[in-house]
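Notes to accompany the following structure.
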Amino acid sequence: MAFKKEFKRNFNINFGRRKFGTSIKQKIIRRMKPLGEKEMMNGKFLVDTSAIINKKVSSLAKKGLKGLILVPNATIAELENLANRGQDVGFEGLEEIAKLHHFKNLKIHFIGSRPTEHHIKYAKSGEIDALIRNLAYENRAILITSDVVQAKSAEAYGLKVLFVKTRQEKPKRRFLFFNK
């Protein structure tokens with residue numbers, strides 16, 4: 001009986017993989033420091049592509065975010081690329097940026113250069129993320145992102161980060177029924 005309890009605790013029966021509690025990613029998310037009320041009210045913010053795609057900037061604006069929003073041209077280029085490839089995420093991101101113009105408590109500025117061939121070629125290695133972090137550093141802006149790796153990298157460089165968690169959908173359970 002004790003073996004059965006131990007087995008249930010250590011193994012995920014659906015997938016047969018061992019569970020070790022929380023993942024490193026979840027621990028990192030829990031340790032991130034929230035920004036203070038003063039910083040949220042009249043700050044200079046630079047938005048990452050992930051925050052725009054997940055529609056977190058407009059929800060923050062509804063909750064009281066005020067100030068200057070800096071949108072990197074690299075982010076616009078990423079969204080245009082996704083939209084040109086027919087992916088809905090690109091269109092939704094561009095709509096999110098257009099929606100930001102309607103908030104009276106926000107000013108929107110587009111900054112930085114468009115990504116070069118080098119940045120595009122090594123985008124999966126983090127070149128465009130590095131370009132966005134550089135813009136946040138140069139403009140002394142708070143980086144708004146929902147990408148854990150981008151947030152931790154920015155904190156490593158000493159930048160202030162507003163990390164916005166996204167809701168992760170749980171995988172749907174599927175059952176198979178057989179007739180005898």
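Labels used: A, B, ... for chains in the order of the structure tokens, numbers from 1 for residues in each chain, and numbers from 1 for ligands as shown.
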DSSP alpha helix (DSSP H) residues within segment 59-175 of chain A, listed as an MDAnalysis selection string: chainID A and resid 59:62 73:84 88:100 117:121 127:138 148:156
Tell me which protein, DNA and RNA residues are within 12 Å of Arg133 of chain A, counting only C-alpha atoms, leaving out same-chain ones fewer than 6 positions away, and put them as a VMD selection string. chain A and resid 45 to 49 71 to 72 74 to 75 112 126 to 127 139 to 145 149 to 161
Please measure the separation of atom CA of Lys99 of chain A and atom CA of Ala130 of chain A, giving the value in Å to one decimal. 26.1 Å
